[in-house]
file query_18.cif (mmCIF, C-alpha atoms)
data_query
loop_
_atom_site.label_atom_id
_atom_site.label_comp_id
_atom_site.auth_asym_id
_atom_site.auth_seq_id
_atom_site.Cartn_x
_atom_site.Cartn_y
_atom_site.Cartn_z
CA MET A 34 -11.79 0.49 11.60
CA ARG A 35 -8.57 -1.46 11.13
CA ASP A 36 -10.13 -4.69 12.35
CA VAL A 37 -13.00 -4.28 9.94
CA SER A 38 -10.49 -3.74 7.15
CA ARG A 39 -8.63 -6.90 8.10
CA LEU A 40 -11.82 -8.90 8.10
CA ARG A 41 -12.79 -7.53 4.68
CA LEU A 42 -9.36 -8.39 3.30
CA LEU A 43 -9.50 -11.89 4.75
CA VAL A 44 -12.91 -12.45 3.18
CA ALA A 45 -11.57 -11.15 -0.14
CA PHE A 46 -8.63 -13.55 0.04
CA VAL A 47 -10.89 -16.51 0.74
CA GLY A 48 -13.23 -15.44 -2.07
CA LEU A 49 -10.45 -15.06 -4.64
CA ALA A 50 -8.84 -18.34 -3.60
CA ALA A 51 -12.23 -20.05 -3.87
CA VAL A 52 -12.63 -18.75 -7.44
CA GLY A 53 -9.19 -20.15 -8.27
CA ALA A 54 -9.87 -23.50 -6.61
CA VAL A 55 -13.32 -23.96 -8.16
CA SER A 56 -12.00 -23.02 -11.60
CA ARG A 57 -9.28 -25.64 -11.22
CA VAL A 58 -11.89 -28.27 -10.57
CA VAL A 59 -14.48 -27.14 -13.15
CA LEU A 60 -12.50 -25.97 -16.18
CA ASP A 61 -10.59 -28.28 -18.51
CA ALA A 62 -8.42 -25.53 -19.99
CA GLY A 63 -7.28 -22.13 -18.74
CA PRO A 64 -8.45 -22.77 -15.17
CA MET A 65 -6.52 -19.79 -13.79
CA VAL A 66 -8.12 -17.27 -16.17
CA PRO A 67 -11.15 -16.33 -13.99
CA LEU A 68 -8.96 -15.66 -10.95
CA LEU A 69 -6.37 -13.80 -13.02
CA VAL A 70 -9.04 -11.59 -14.60
CA LEU A 71 -10.43 -10.69 -11.17
CA VAL A 72 -6.97 -9.86 -9.83
CA ALA A 73 -6.12 -7.86 -12.96
CA LEU A 74 -9.33 -5.84 -12.57
CA VAL A 75 -8.55 -5.14 -8.89
CA LEU A 76 -5.02 -3.99 -9.72
CA THR A 77 -6.25 -1.80 -12.57
CA ALA A 78 -8.69 -0.21 -10.14
CA THR A 79 -5.82 0.32 -7.70
CA VAL A 80 -3.76 2.10 -10.35
CA THR A 81 -6.63 4.33 -11.46
CA ARG A 82 -8.42 5.01 -8.16
CA ALA A 83 -5.89 4.83 -5.34
CA TYR A 84 -3.33 7.15 -6.91
CA LYS A 85 -3.10 10.26 -9.02
CA PRO A 86 -0.96 10.37 -12.17
CA GLY A 87 2.57 11.21 -11.08
CA ASP A 88 2.25 9.67 -7.63
CA PRO A 89 5.54 7.81 -7.02
CA PRO A 90 4.08 4.47 -5.81
CA ARG A 91 1.70 4.28 -8.78
CA SER A 92 4.29 2.88 -11.17
CA ALA A 93 4.87 -0.20 -8.96
CA TRP A 94 1.15 -1.00 -9.22
CA LEU A 95 1.25 -0.34 -12.97
CA TRP A 96 3.94 -3.03 -13.30
CA LEU A 97 1.81 -5.43 -11.26
CA ALA A 98 -1.35 -4.72 -13.23
CA GLY A 99 0.59 -5.20 -16.48
CA ALA A 100 2.07 -8.46 -15.19
CA THR A 101 -1.36 -9.77 -14.32
CA TRP A 102 -3.00 -8.84 -17.62
CA LEU A 103 -0.04 -10.48 -19.37
CA ALA A 104 -0.66 -13.60 -17.28
CA VAL A 105 -4.31 -13.53 -18.39
CA VAL A 106 -3.19 -13.49 -22.03
CA GLY A 107 -0.50 -16.11 -21.41
CA GLU A 108 -2.87 -18.50 -19.65
CA THR A 109 -5.51 -18.02 -22.36
CA VAL A 110 -3.00 -18.64 -25.16
CA SER A 111 -1.69 -21.73 -23.36
CA ALA A 112 -5.23 -23.06 -23.01
CA ALA A 113 -5.91 -22.50 -26.72
CA THR A 114 -2.63 -23.61 -28.29
CA GLY A 115 -0.81 -25.58 -25.61
CA PRO A 116 2.50 -24.65 -23.94
CA GLY A 117 4.69 -22.42 -26.11
CA PRO A 118 4.12 -18.69 -26.59
CA GLY A 119 1.88 -18.65 -23.51
CA THR A 120 4.71 -19.99 -21.38
CA TRP A 121 6.98 -17.14 -22.46
CA LEU A 122 4.24 -14.59 -21.79
CA MET A 123 4.01 -15.98 -18.26
CA ALA A 124 7.78 -15.69 -17.95
CA LEU A 125 7.58 -12.05 -19.06
CA SER A 126 4.85 -11.52 -16.49
CA ASN A 127 7.24 -12.98 -13.90
CA ALA A 128 9.89 -10.45 -14.92
CA MET A 129 7.41 -7.59 -14.55
CA TRP A 130 6.77 -8.75 -10.99
CA CYS A 131 10.47 -8.38 -10.31
CA ALA A 132 10.42 -4.88 -11.82
CA SER A 133 7.51 -3.98 -9.56
CA LEU A 134 9.34 -5.02 -6.38
CA ILE A 135 12.47 -3.13 -7.39
CA ASP A 136 10.47 -0.05 -8.37
CA ALA A 137 8.40 -0.12 -5.15
CA ARG A 138 11.50 -0.13 -2.96
CA ARG A 139 13.15 2.64 -4.98
CA ARG A 140 10.06 4.86 -4.74
CA ILE A 141 9.39 4.19 -1.07
CA VAL A 142 12.88 5.15 0.08
CA ALA A 143 12.95 8.22 -2.19
CA GLY A 144 11.12 10.40 0.35
CA ALA A 145 13.67 10.01 3.18
CA LEU A 146 10.82 8.99 5.48
CA VAL A 147 12.05 5.40 5.63
CA PRO A 148 15.32 5.04 7.56
CA PRO A 149 18.32 3.18 6.09
CA LEU A 150 18.34 -0.61 6.40
CA SER A 151 19.11 -1.81 9.91
CA ARG A 152 22.10 -4.12 10.44
CA PRO A 153 20.09 -7.41 10.56
CA TRP A 154 18.38 -6.51 7.29
CA ARG A 155 21.70 -5.63 5.69
CA TRP A 156 22.93 -9.11 6.61
CA ALA A 157 19.72 -10.65 5.29
CA LEU A 158 20.18 -8.73 2.04
CA LEU A 159 23.77 -9.94 1.77
CA VAL A 160 22.62 -13.54 2.21
CA ALA A 161 19.89 -13.03 -0.43
CA VAL A 162 22.45 -11.61 -2.88
CA LEU A 163 24.77 -14.59 -2.29
CA VAL A 164 21.88 -17.01 -2.86
CA GLY A 165 20.93 -15.07 -6.00
CA LEU A 166 24.50 -15.29 -7.33
CA ALA A 167 24.55 -19.03 -6.59
CA VAL A 168 21.30 -19.44 -8.53
CA ALA A 169 22.67 -17.40 -11.47
CA SER A 170 25.82 -19.49 -11.57
CA GLN A 171 23.80 -22.71 -11.40
CA VAL A 172 21.59 -21.48 -14.28
CA ALA A 173 24.65 -20.63 -16.38
CA TRP A 174 26.09 -24.11 -15.71
CA ALA A 175 22.77 -25.82 -16.50
CA LEU A 176 22.44 -24.01 -19.83
CA ARG A 177 25.76 -25.52 -20.92
CA HIS A 178 25.51 -28.99 -19.37
CA GLY A 179 21.79 -29.57 -18.73
CA SER A 180 19.86 -29.28 -15.49
CA PRO A 181 20.91 -31.81 -12.83
CA ILE A 182 17.50 -31.48 -11.11
CA TYR A 183 15.42 -31.72 -14.30
CA PRO A 184 17.55 -33.85 -16.66
CA HIS A 185 14.64 -34.38 -19.09
CA VAL A 186 14.34 -30.60 -19.72
CA THR A 187 16.24 -29.46 -22.82
CA GLY A 188 16.23 -26.80 -25.56
CA ALA A 189 13.87 -23.85 -25.23
CA ARG A 190 12.35 -25.33 -22.08
CA LEU A 191 15.77 -25.28 -20.43
CA TYR A 192 16.12 -21.57 -21.22
CA HIS A 193 12.63 -20.98 -19.86
CA LEU A 194 13.50 -22.84 -16.67
CA GLY A 195 16.67 -20.80 -16.28
CA PHE A 196 14.76 -17.57 -16.82
CA VAL A 197 12.21 -18.51 -14.16
CA GLN A 198 14.96 -19.41 -11.71
CA LEU A 199 16.72 -16.09 -12.33
CA CYS A 200 13.43 -14.24 -11.76
CA ASP A 201 13.00 -16.10 -8.47
CA ALA A 202 16.50 -15.05 -7.44
CA VAL A 203 15.65 -11.42 -8.24
CA VAL A 204 12.39 -11.75 -6.29
CA LEU A 205 14.36 -13.03 -3.30
CA ILE A 206 16.83 -10.13 -3.38
CA ALA A 207 14.27 -7.43 -4.18
CA GLY A 208 11.78 -8.88 -1.70
CA VAL A 209 14.25 -8.92 1.19
CA TRP A 210 15.37 -5.39 0.28
CA LEU A 211 11.75 -4.17 0.19
CA LEU A 212 10.85 -5.94 3.44
CA GLY A 213 13.86 -4.37 5.12
CA ALA A 214 12.82 -0.93 3.89
CA LEU A 215 9.26 -1.48 5.10
CA HIS A 216 10.21 -3.01 8.44
CA PRO A 217 10.00 0.25 10.45
CA LEU A 218 6.54 0.79 8.97
CA TRP A 219 5.08 -2.59 9.87
CA GLY A 220 2.78 -1.11 12.51
CA GLY A 221 1.13 1.25 10.04
CA ALA A 222 -1.59 0.74 7.45
CA ALA A 223 0.52 2.31 4.69
CA ALA A 224 2.92 -0.65 4.64
CA ARG A 225 0.25 -3.34 4.44
CA PRO A 226 -0.33 -3.40 0.64
CA PHE A 227 3.39 -3.66 -0.10
CA LEU A 228 3.88 -6.34 2.53
CA LEU A 229 1.13 -8.35 0.86
CA VAL A 230 2.76 -7.90 -2.57
CA THR A 231 6.07 -9.13 -1.16
CA ALA A 232 4.37 -12.09 0.50
CA ALA A 233 2.69 -13.00 -2.79
CA ALA A 234 6.02 -12.82 -4.63
CA GLY A 235 7.58 -15.07 -1.99
CA ILE A 236 4.80 -17.61 -2.40
CA PHE A 237 5.35 -17.70 -6.17
CA ALA A 238 9.07 -18.21 -5.70
CA LEU A 239 8.34 -21.01 -3.23
CA SER A 240 5.97 -22.67 -5.70
CA ASP A 241 8.83 -22.90 -8.21
CA LEU A 242 10.92 -25.01 -5.80
CA THR A 243 9.34 -28.20 -7.12
CA PRO A 244 11.81 -30.62 -5.42
CA LEU A 245 10.44 -29.46 -2.06
CA PHE A 246 7.06 -30.95 -2.89
CA VAL A 247 8.08 -34.18 -4.59
CA ASP A 248 8.04 -36.22 -1.39
CA LEU A 249 4.76 -34.75 -0.14
CA PRO A 250 1.42 -36.46 -0.81
CA LEU A 251 -0.28 -34.89 -3.86
CA PRO A 252 2.70 -32.69 -4.81
CA ARG A 253 0.93 -31.01 -7.76
CA VAL A 254 -1.94 -29.95 -5.51
CA TRP A 255 0.48 -28.19 -3.17
CA VAL A 256 2.06 -26.27 -6.03
CA ARG A 257 -1.33 -25.30 -7.49
CA ALA A 258 -2.57 -24.22 -4.07
CA LEU A 259 0.49 -21.99 -3.66
CA VAL A 260 -0.02 -20.42 -7.09
CA ILE A 261 -3.69 -19.73 -6.33
CA ALA A 262 -2.74 -18.30 -2.93
CA GLY A 263 -0.08 -16.08 -4.54
CA TRP A 264 -2.44 -14.54 -7.09
CA SER A 265 -5.19 -14.18 -4.48
CA LEU A 266 -2.80 -12.41 -2.12
CA LEU A 267 -1.79 -10.05 -4.91
CA GLY A 268 -5.46 -9.18 -5.46
CA VAL A 269 -5.83 -8.58 -1.72
CA ALA A 270 -2.79 -6.28 -1.81
CA GLY A 271 -4.55 -4.11 -4.38
CA LEU A 272 -7.72 -4.18 -2.32
CA ALA A 273 -5.73 -3.19 0.79
CA GLN A 274 -4.50 -0.05 -0.97
CA LEU A 275 -8.04 0.74 -2.13
CA GLU A 276 -9.33 0.02 1.38
CA LEU A 277 -6.84 2.43 2.91
CA ARG A 278 -8.10 5.22 0.70
CA ARG A 279 -11.74 4.19 1.09
CA ALA A 280 -11.48 4.09 4.88
CA MET A 281 -10.20 7.66 4.97
CA SER A 282 -12.87 8.85 2.54
CA ALA A 283 -15.57 7.05 4.50
CA ARG A 284 -14.33 8.64 7.71
CA THR A 285 -14.54 12.08 6.14
CA ALA A 286 -18.06 11.38 4.88
CA ASP A 287 -19.01 10.15 8.33
CA LEU A 288 -17.62 13.30 9.87
CA ARG A 289 -19.56 15.50 7.48
CA ALA A 290 -22.72 13.60 8.38
CA SER A 291 -22.11 14.11 12.09
CA LEU A 292 -21.47 17.79 11.45
CA ARG A 293 -24.88 18.09 9.83
CA ALA A 294 -26.28 16.48 12.97
CA LEU A 295 -24.75 19.25 15.06
CA GLY A 296 -26.95 21.90 13.53
CA PRO A 297 -27.43 24.18 10.53
CA ARG A 298 -24.37 25.65 8.88
CA ALA A 299 -23.51 27.73 5.84
CA MET B 33 -13.82 13.61 24.43
CA THR B 34 -10.71 12.70 22.42
CA MET B 35 -9.38 14.10 19.19
CA THR B 36 -11.15 11.33 17.35
CA ASP B 37 -14.51 12.19 18.79
CA ARG B 38 -17.17 12.59 16.15
CA LYS B 39 -18.02 16.16 17.03
CA LEU B 40 -14.48 17.41 16.88
CA ASP B 41 -13.68 15.41 13.77
CA ALA B 42 -16.82 16.76 12.19
CA LEU B 43 -15.69 20.29 12.87
CA LEU B 44 -12.21 19.54 11.59
CA ALA B 45 -13.64 18.09 8.41
CA ALA B 46 -15.97 21.01 7.96
CA VAL B 47 -13.25 23.61 8.44
CA ALA B 48 -11.12 21.64 5.98
CA ASP B 49 -13.97 21.66 3.55
CA VAL B 50 -14.33 25.41 3.84
CA GLU B 51 -10.60 25.99 3.47
CA GLU B 52 -10.29 23.67 0.51
CA ARG B 53 -13.30 25.04 -1.32
CA ALA B 54 -12.04 28.54 -0.76
CA ARG B 55 -8.66 27.58 -2.20
CA VAL B 56 -10.09 25.72 -5.17
CA ASP B 57 -12.67 28.37 -5.94
CA ALA B 58 -10.15 31.16 -5.33
CA ARG B 59 -12.76 32.97 -3.29
CA SER B 60 -12.25 36.48 -2.04
CA PRO B 61 -10.97 36.82 1.55
CA GLU B 62 -14.37 38.22 2.56
CA GLN B 63 -16.25 35.21 1.20
CA HIS B 64 -13.75 32.89 2.82
CA ALA B 65 -14.02 34.62 6.17
CA GLY B 66 -17.79 34.55 5.98
CA ALA B 67 -17.90 30.83 5.36
CA ARG B 68 -15.50 30.15 8.20
CA ALA B 69 -17.42 32.42 10.56
CA ARG B 70 -20.63 30.50 9.88
CA LEU B 71 -18.83 27.26 10.59
CA LEU B 72 -17.22 28.45 13.78
CA ALA B 73 -20.59 29.59 14.99
CA VAL B 74 -21.31 25.86 15.24
CA VAL B 75 -18.33 25.53 17.58
CA SER B 76 -19.88 28.06 19.91
CA THR B 77 -22.94 25.85 20.29
CA LEU B 78 -20.87 23.12 21.94
CA ALA B 79 -21.30 22.53 25.64
CA ASP B 80 -18.61 23.99 27.89
CA ALA B 81 -17.33 20.53 28.82
CA ASP B 82 -16.83 19.68 25.15
CA ARG B 83 -15.05 22.97 24.54
CA ARG B 84 -12.70 22.33 27.47
CA ALA B 85 -12.01 18.80 26.22
CA MET B 86 -11.22 20.13 22.76
CA GLN B 87 -8.93 22.77 24.19
CA SER B 88 -7.17 20.11 26.24
CA ALA B 89 -6.77 17.87 23.20
CA LEU B 90 -5.31 20.76 21.24
CA ALA B 91 -2.87 21.72 24.00
CA GLN B 92 -0.03 19.56 22.60
CA PRO B 93 0.47 19.99 18.86
CA GLU B 94 2.92 17.08 18.68
CA ALA B 95 0.39 14.73 20.24
CA PHE B 96 -2.24 15.98 17.81
CA ILE B 97 0.04 15.33 14.83
CA LEU B 98 1.19 11.91 16.07
CA GLU B 99 -2.41 10.87 16.57
CA ARG B 100 -2.91 11.47 12.85
CA LEU B 101 0.30 9.76 11.77
CA ASN B 102 0.52 6.69 14.01
CA PRO B 103 -2.25 4.62 12.39
CA LEU B 104 -0.78 5.30 8.95
CA LEU B 105 2.94 4.91 9.59
CA GLY B 106 3.32 3.08 12.87
CA PRO B 107 4.84 4.80 15.91
CA ALA B 108 8.51 4.63 14.88
CA VAL B 109 8.16 6.18 11.42
CA ALA B 110 5.51 8.63 12.63
CA ARG B 111 8.04 9.94 15.16
CA ARG B 112 10.73 10.02 12.47
CA ALA B 113 8.43 11.92 10.12
CA LEU B 114 7.81 14.50 12.81
CA ASP B 115 11.52 14.81 13.54
CA LEU B 116 12.30 15.25 9.85
CA SER B 117 9.69 17.98 9.75
CA GLY B 118 11.34 20.11 12.40
CA ALA B 119 10.50 18.56 15.78
CA ARG B 120 14.09 17.46 16.30
CA GLU B 121 15.43 20.99 16.51
CA ARG B 122 12.77 22.32 18.88
CA PRO B 123 9.31 21.45 20.19
CA ILE B 124 6.62 22.13 17.63
CA ALA B 125 4.32 25.03 18.42
CA TRP B 126 0.98 25.55 16.72
CA PRO B 127 2.19 28.41 14.54
CA ASP B 128 4.74 25.95 13.05
CA VAL B 129 2.13 23.37 12.20
CA GLU B 130 1.34 24.64 8.71
CA ALA B 131 4.99 24.32 7.73
CA VAL B 132 5.14 20.90 9.37
CA GLY B 133 2.13 19.84 7.31
CA ALA B 134 3.81 20.93 4.09
CA SER B 135 6.99 19.06 5.03
CA LEU B 136 5.04 15.93 5.97
CA PHE B 137 3.25 16.06 2.63
CA THR B 138 6.62 15.95 0.85
CA HIS B 139 7.78 12.99 2.93
CA LEU B 140 4.51 11.05 2.79
CA ARG B 141 3.76 11.40 -0.93
CA PRO B 142 6.33 8.83 -2.15
CA LEU B 143 4.82 6.28 0.20
CA VAL B 144 1.07 6.86 0.15
CA GLY B 145 0.40 9.10 -2.82
CA GLU B 146 -1.00 12.60 -3.04
CA ASP B 147 -4.53 11.92 -1.79
CA ILE B 148 -3.62 10.49 1.60
CA ALA B 149 -0.64 12.79 2.11
CA GLY B 150 -2.93 15.72 1.32
CA HIS B 151 -5.46 14.45 3.82
CA VAL B 152 -2.85 14.53 6.60
CA ARG B 153 -1.76 18.05 5.63
CA GLN B 154 -5.37 19.16 5.59
CA GLN B 155 -6.03 17.80 9.06
CA LEU B 156 -3.05 19.63 10.48
CA ALA B 157 -4.28 22.86 8.91
CA LEU B 158 -7.65 22.27 10.53
CA GLY B 159 -6.07 21.65 13.89
CA LEU B 160 -4.33 24.99 13.54
CA VAL B 161 -7.57 26.78 12.71
CA LEU B 162 -9.34 25.22 15.68
CA TRP B 163 -6.45 26.03 17.99
CA ARG B 164 -6.59 29.66 16.89
CA GLU B 165 -10.31 29.83 17.54
CA LEU B 166 -10.41 27.87 20.78
CA CYS B 167 -7.08 28.32 22.49
CA ALA B 168 -5.06 31.20 21.08
CA THR B 169 -7.34 33.96 22.30
#
call {"tool": "encode", "arguments": {"input": "query_18.cif", "output": "C-alpha cells"}}
result
Amino acid sequence: MRDVSRLRLLVAFVGLAAVGAVSRVVLDAGPMVPLLVLVALVLTATVTRAYKPGDPPRSAWLWLAGATWLAVVGETVSAATGPGPGTWLMALSNAMWCASLIDARRRIVAGALVPPLSRPWRWALLVAVLVGLAVASQVAWALRHGSPIYPHVTGARLYHLGFVQLCDAVVLIAGVWLLGALHPLWGGAAARPFLLVTAAAGIFALSDLTPLFVDLPLPRVWVRALVIAGWSLLGVAGLAQLELRRAMSARTADLRASLRALGPRA
Amino acid sequence: MTMTDRKLDALLAAVADVEERARVDARSPEQHAGARARLLAVVSTLADADRRAMQSALAQPEAFILERLNPLLGPAVARRALDLSGARERPIAWPDVEAVGASLFTHLRPLVGEDIAGHVRQQLALGLVLWRELCAT
C-alpha cells in the first residue's frame, strides 16, 4: 500500500510541476496562478478533510493554506498592476510559511511521543541559529548602507529584500528544528507530509540565493524551476496527508467487503 | 495467516463497527450483546487452521500493537509510544490493552489528528474483543 502511495504522490508531483512549467511557457502574465490555485485547493482540502476542528496539527495546514491563497492573490495582483502590492502579499505569504513550520514543530512535540532532539540535531540547530543571526545582522547593515550583493536595490525594494532574507533565515532555523523533531519518525507514514513541507520550504529558501545561480547557464530558468518544484512539493505534502487518511479508510472499506464475503451477518 | 490477513482484519473491522455503532447509538447492553453475538458467530465458521493462526497471532499483545503502530510511526517511535503507554513498567497483557489504547490516542492525536489516532485505539479494542472470544476461554 505504501508503494502505491509513493507512486501516486510522485505522479501528483510531476503533474503539478507540469502545470507550473506549461503555464510559464503559455501565459504572459500571472504564470504561477494555475499551479498556485491547484495547490491552494489541495491544502484547503487537507485542512477540511484530513483533520477535525481542534486537531493540533490542523493549524499548521491552515497557515499553509492561507499562505498559498495569499500567493494566489499576490501573483494575480502583480500580473494586473505590476510589482508593488503583489510583492508584499507574496512576502506576507512567505512569513505565513515560517509560522506554519514553527507551529508544526510546536504541535508535534506537544504529545511527548517525539523524543527530545538528539545531540547531532542540537548542533545542527545551533549552526542554523548562528547562520540566522548572521543573516539578520547582514540585513540590518544592508538597510543602513545598501546591499553589497544587490547594489542597485534601494528604497522599498531593499526592505522587501531584507524581509525575504529574514524569512529564509527563519525557515532555516524552524526547518532544521522540525526535521530534528521528525527524525525518529522518518520510517513512518505520519512524518511524510511534514517532511515534504520542510523540503518545499528549503527549496524556496534555496531559490532566493540568487548568487548561486548567476554563473550557471540559464540562471533564471533554474530559479523558476525551483519555485515550481517548491509549490508542487507543497501540494504533494497536502496530498500525502490526505492519502494517509484515505489509505486507512480504504483499508477499512476493503475489510468490510471481505467480511461480507465471509457470510451473512447481522 | 497473519494479523493483516483479510479475514481477520475483516472481523476486526466488523467488531469495531459493532462497538462503535453501539457507543454512538447508546444502545442497550442487550442490543449490543446481540449484535456482537451475531458477528462472532461468523468467527465460528472459520476453519480450525484459521482459528489456530488467529489465536497464535493474538498470543503476544505487544506484537499485535506494534504491528499497528510501526507503519504509522516507524519502529523507534512505535516502541517509544508503547513504552510511554505502560510497557516500560511491565509487559502488556491483554486486559491492559484498552488502557494502552486510550493512552496511545492521547500521544498520537497531536501528530496525526483524531481520526487516525481513533483508528488505532479502535483496532486495539477489537484485538481485545477477539482475544477474549478466541483465547481467554
call {"tool": "closest_residue", "arguments": {"input": "query_18.cif", "among": "A:Leu272, A:Ala54, A:Val256, A:Ala223", "to": "A:Leu74", "atoms": "all atoms listed in the file"}}
result
A:Leu272
call {"tool": "axis_aligned_box", "arguments": {"input": "query_18.cif", "around": "stretch 111-122 of chain B", "padding_each_side": "4 Å", "output": "AutoDock Vina command-line options"}}
result
--center_x 11.6 --center_y 16.1 --center_z 14.3 --size_x 15.6 --size_y 20.4 --size_z 17.1
call {"tool": "resolve_selection", "arguments": {"input": "query_18.cif", "expression": "the PyMOL selection byres ((chain A and resi 229) around 10)", "output": "count of residues only"}}
result
19
call {"tool": "atom_distance", "arguments": {"input": "query_18.cif", "atom1": "atom CA of A:Val55", "atom2": "atom CA of A:Trp130"}}
result
25.4 Å
call {"tool": "atom_distance", "arguments": {"input": "query_18.cif", "atom1": "atom CA of A:Leu103", "atom2": "atom CA of A:Ala175"}}
result
27.6 Å
call {"tool": "atom_distance", "arguments": {"input": "query_18.cif", "atom1": "atom CA of B:Asp80", "atom2": "atom CA of B:Glu94"}}
result
24.4 Å
call {"tool": "closest_residue", "arguments": {"input": "query_18.cif", "among": "B:Leu156, B:Leu162, B:Ile148, B:Cys167", "to": "B:Leu98", "atoms": "all atoms listed in the file"}}
result
B:Leu156
call {"tool": "residues_near_point", "arguments": {"input": "query_18.cif", "point": "(-1.1, 30.8, 13.5)", "cutoff": "9 Å", "atoms": "all atoms listed in the file", "output": "short mmCIF file (atom, residue, chain, number, x, y, z; two decimals) with C-alpha atoms, in the coordinates of the input"}}
result
data_model
loop_
_atom_site.label_atom_id
_atom_site.label_comp_id
_atom_site.auth_asym_id
_atom_site.auth_seq_id
_atom_site.Cartn_x
_atom_site.Cartn_y
_atom_site.Cartn_z
CA TRP B 126 0.98 25.55 16.72
CA PRO B 127 2.19 28.41 14.54
CA ASP B 128 4.74 25.95 13.05
CA VAL B 129 2.13 23.37 12.20
CA GLU B 130 1.34 24.64 8.71
CA LEU B 160 -4.33 24.99 13.54
CA VAL B 161 -7.57 26.78 12.71
CA TRP B 163 -6.45 26.03 17.99
CA ARG B 164 -6.59 29.66 16.89
CA ALA B 168 -5.06 31.20 21.08
#
call {"tool": "closest_residue", "arguments": {"input": "query_18.cif", "among": "B:Val152, B:Leu116, B:Val132, B:Ala125", "to": "A:Ala145", "atoms": "only C-alpha atoms"}}
result
B:Leu116
call {"tool": "residues_around", "arguments": {"input": "query_18.cif", "residues": "A:Leu166", "least_positions_apart": "5", "cutoff": "10 Å", "atoms": "only C-alpha atoms", "output": "list in words"}}
result
Val160, Ala161, Gln171, Val172, Leu199, Ala202 and Val203 of chain A
call {"tool": "residues_around", "arguments": {"input": "query_18.cif", "residues": "A:Ser265", "least_positions_apart": "3", "cutoff": "8 Å", "atoms": "only C-alpha atoms", "output": "PyMOL selection string"}}
result
chain A and resi 46+49-50+68+72+261-262+268-269
call {"tool": "closest_residue", "arguments": {"input": "query_18.cif", "among": "B:Pro123, B:Arg111, B:Leu104, B:Gln155", "to": "chain A", "atoms": "all atoms listed in the file"}}
result
B:Leu104
call {"tool": "resolve_selection", "arguments": {"input": "query_18.cif", "expression": "the PyMOL selection byres ((chain A and resi 93) around 8)", "output": "CSV table (one decimal) with C-alpha atoms, keeping the file's coordinate frame"}}
result
chain,number,residue,atom,x,y,z
A,90,PRO,CA,4.1,4.5,-5.8
A,91,ARG,CA,1.7,4.3,-8.8
A,92,SER,CA,4.3,2.9,-11.2
A,94,TRP,CA,1.2,-1.0,-9.2
A,95,LEU,CA,1.2,-0.3,-13.0
A,96,TRP,CA,3.9,-3.0,-13.3
A,97,LEU,CA,1.8,-5.4,-11.3
A,132,ALA,CA,10.4,-4.9,-11.8
A,133,SER,CA,7.5,-4.0,-9.6
A,134,LEU,CA,9.3,-5.0,-6.4
A,136,ASP,CA,10.5,0.0,-8.4
A,137,ALA,CA,8.4,-0.1,-5.2
call {"tool": "resolve_selection", "arguments": {"input": "query_18.cif", "expression": "the PyMOL selection byres ((chain A and resi 255) around 12)", "output": "PDB file with C-alpha atoms, in the coordinates of the input"}}
result
ATOM      1  CA  ALA A  54      -9.870 -23.500  -6.610  1.00  0.00           C
ATOM      2  CA  ILE A 236       4.800 -17.610  -2.400  1.00  0.00           C
ATOM      3  CA  PHE A 237       5.350 -17.700  -6.170  1.00  0.00           C
ATOM      4  CA  LEU A 239       8.340 -21.010  -3.230  1.00  0.00           C
ATOM      5  CA  SER A 240       5.970 -22.670  -5.700  1.00  0.00           C
ATOM      6  CA  ASP A 241       8.830 -22.900  -8.210  1.00  0.00           C
ATOM      7  CA  LEU A 242      10.920 -25.010  -5.800  1.00  0.00           C
ATOM      8  CA  THR A 243       9.340 -28.200  -7.120  1.00  0.00           C
ATOM      9  CA  PRO A 244      11.810 -30.620  -5.420  1.00  0.00           C
ATOM     10  CA  LEU A 245      10.440 -29.460  -2.060  1.00  0.00           C
ATOM     11  CA  PHE A 246       7.060 -30.950  -2.890  1.00  0.00           C
ATOM     12  CA  VAL A 247       8.080 -34.180  -4.590  1.00  0.00           C
ATOM     13  CA  ASP A 248       8.040 -36.220  -1.390  1.00  0.00           C
ATOM     14  CA  LEU A 249       4.760 -34.750  -0.140  1.00  0.00           C
ATOM     15  CA  PRO A 250       1.420 -36.460  -0.810  1.00  0.00           C
ATOM     16  CA  LEU A 251      -0.280 -34.890  -3.860  1.00  0.00           C
ATOM     17  CA  PRO A 252       2.700 -32.690  -4.810  1.00  0.00           C
ATOM     18  CA  ARG A 253       0.930 -31.010  -7.760  1.00  0.00           C
ATOM     19  CA  VAL A 254      -1.940 -29.950  -5.510  1.00  0.00           C
ATOM     20  CA  VAL A 256       2.060 -26.270  -6.030  1.00  0.00           C
ATOM     21  CA  ARG A 257      -1.330 -25.300  -7.490  1.00  0.00           C
ATOM     22  CA  ALA A 258      -2.570 -24.220  -4.070  1.00  0.00           C
ATOM     23  CA  LEU A 259       0.490 -21.990  -3.660  1.00  0.00           C
ATOM     24  CA  VAL A 260      -0.020 -20.420  -7.090  1.00  0.00           C
ATOM     25  CA  ILE A 261      -3.690 -19.730  -6.330  1.00  0.00           C
ATOM     26  CA  ALA A 262      -2.740 -18.300  -2.930  1.00  0.00           C
TER      27      ALA A 262
END
call {"tool": "closest_residue", "arguments": {"input": "query_18.cif", "among": "B:Arg100, B:Arg122, B:Arg153, B:Arg112", "to": "chain A", "atoms": "all atoms listed in the file"}}
result
B:Arg112
call {"tool": "closest_residue", "arguments": {"input": "query_18.cif", "among": "A:Gly195, A:Gly221, A:Gly115, A:Pro86", "to": "chain B", "atoms": "all atoms listed in the file"}}
result
A:Gly221
call {"tool": "decode", "arguments": {"input": "query_18.cif", "residues": "stretch 105-120 of chain A", "atoms": "C-alpha atoms", "output": "compact mmCIF listing (two decimals), in the first residue's frame"}}
result
# COMPACT_ATOMS: atom_id res chain seq x y z
CA VAL A 105 -2.64 33.39 -5.49
CA VAL A 106 -3.87 36.92 -4.75
CA GLY A 107 -0.33 38.34 -4.78
CA GLU A 108 0.55 36.76 -8.12
CA THR A 109 -2.76 37.89 -9.63
CA VAL A 110 -2.30 41.46 -8.40
CA SER A 111 1.27 41.50 -9.70
CA ALA A 112 0.08 40.30 -13.10
CA ALA A 113 -2.59 43.01 -13.22
CA THR A 114 -0.74 46.01 -11.79
CA GLY A 115 2.94 45.10 -11.91
CA PRO A 116 5.28 44.63 -8.92
CA GLY A 117 4.16 46.55 -5.84
CA PRO A 118 1.34 45.45 -3.54
CA GLY A 119 1.54 41.94 -5.01
CA THR A 120 5.19 41.68 -3.98
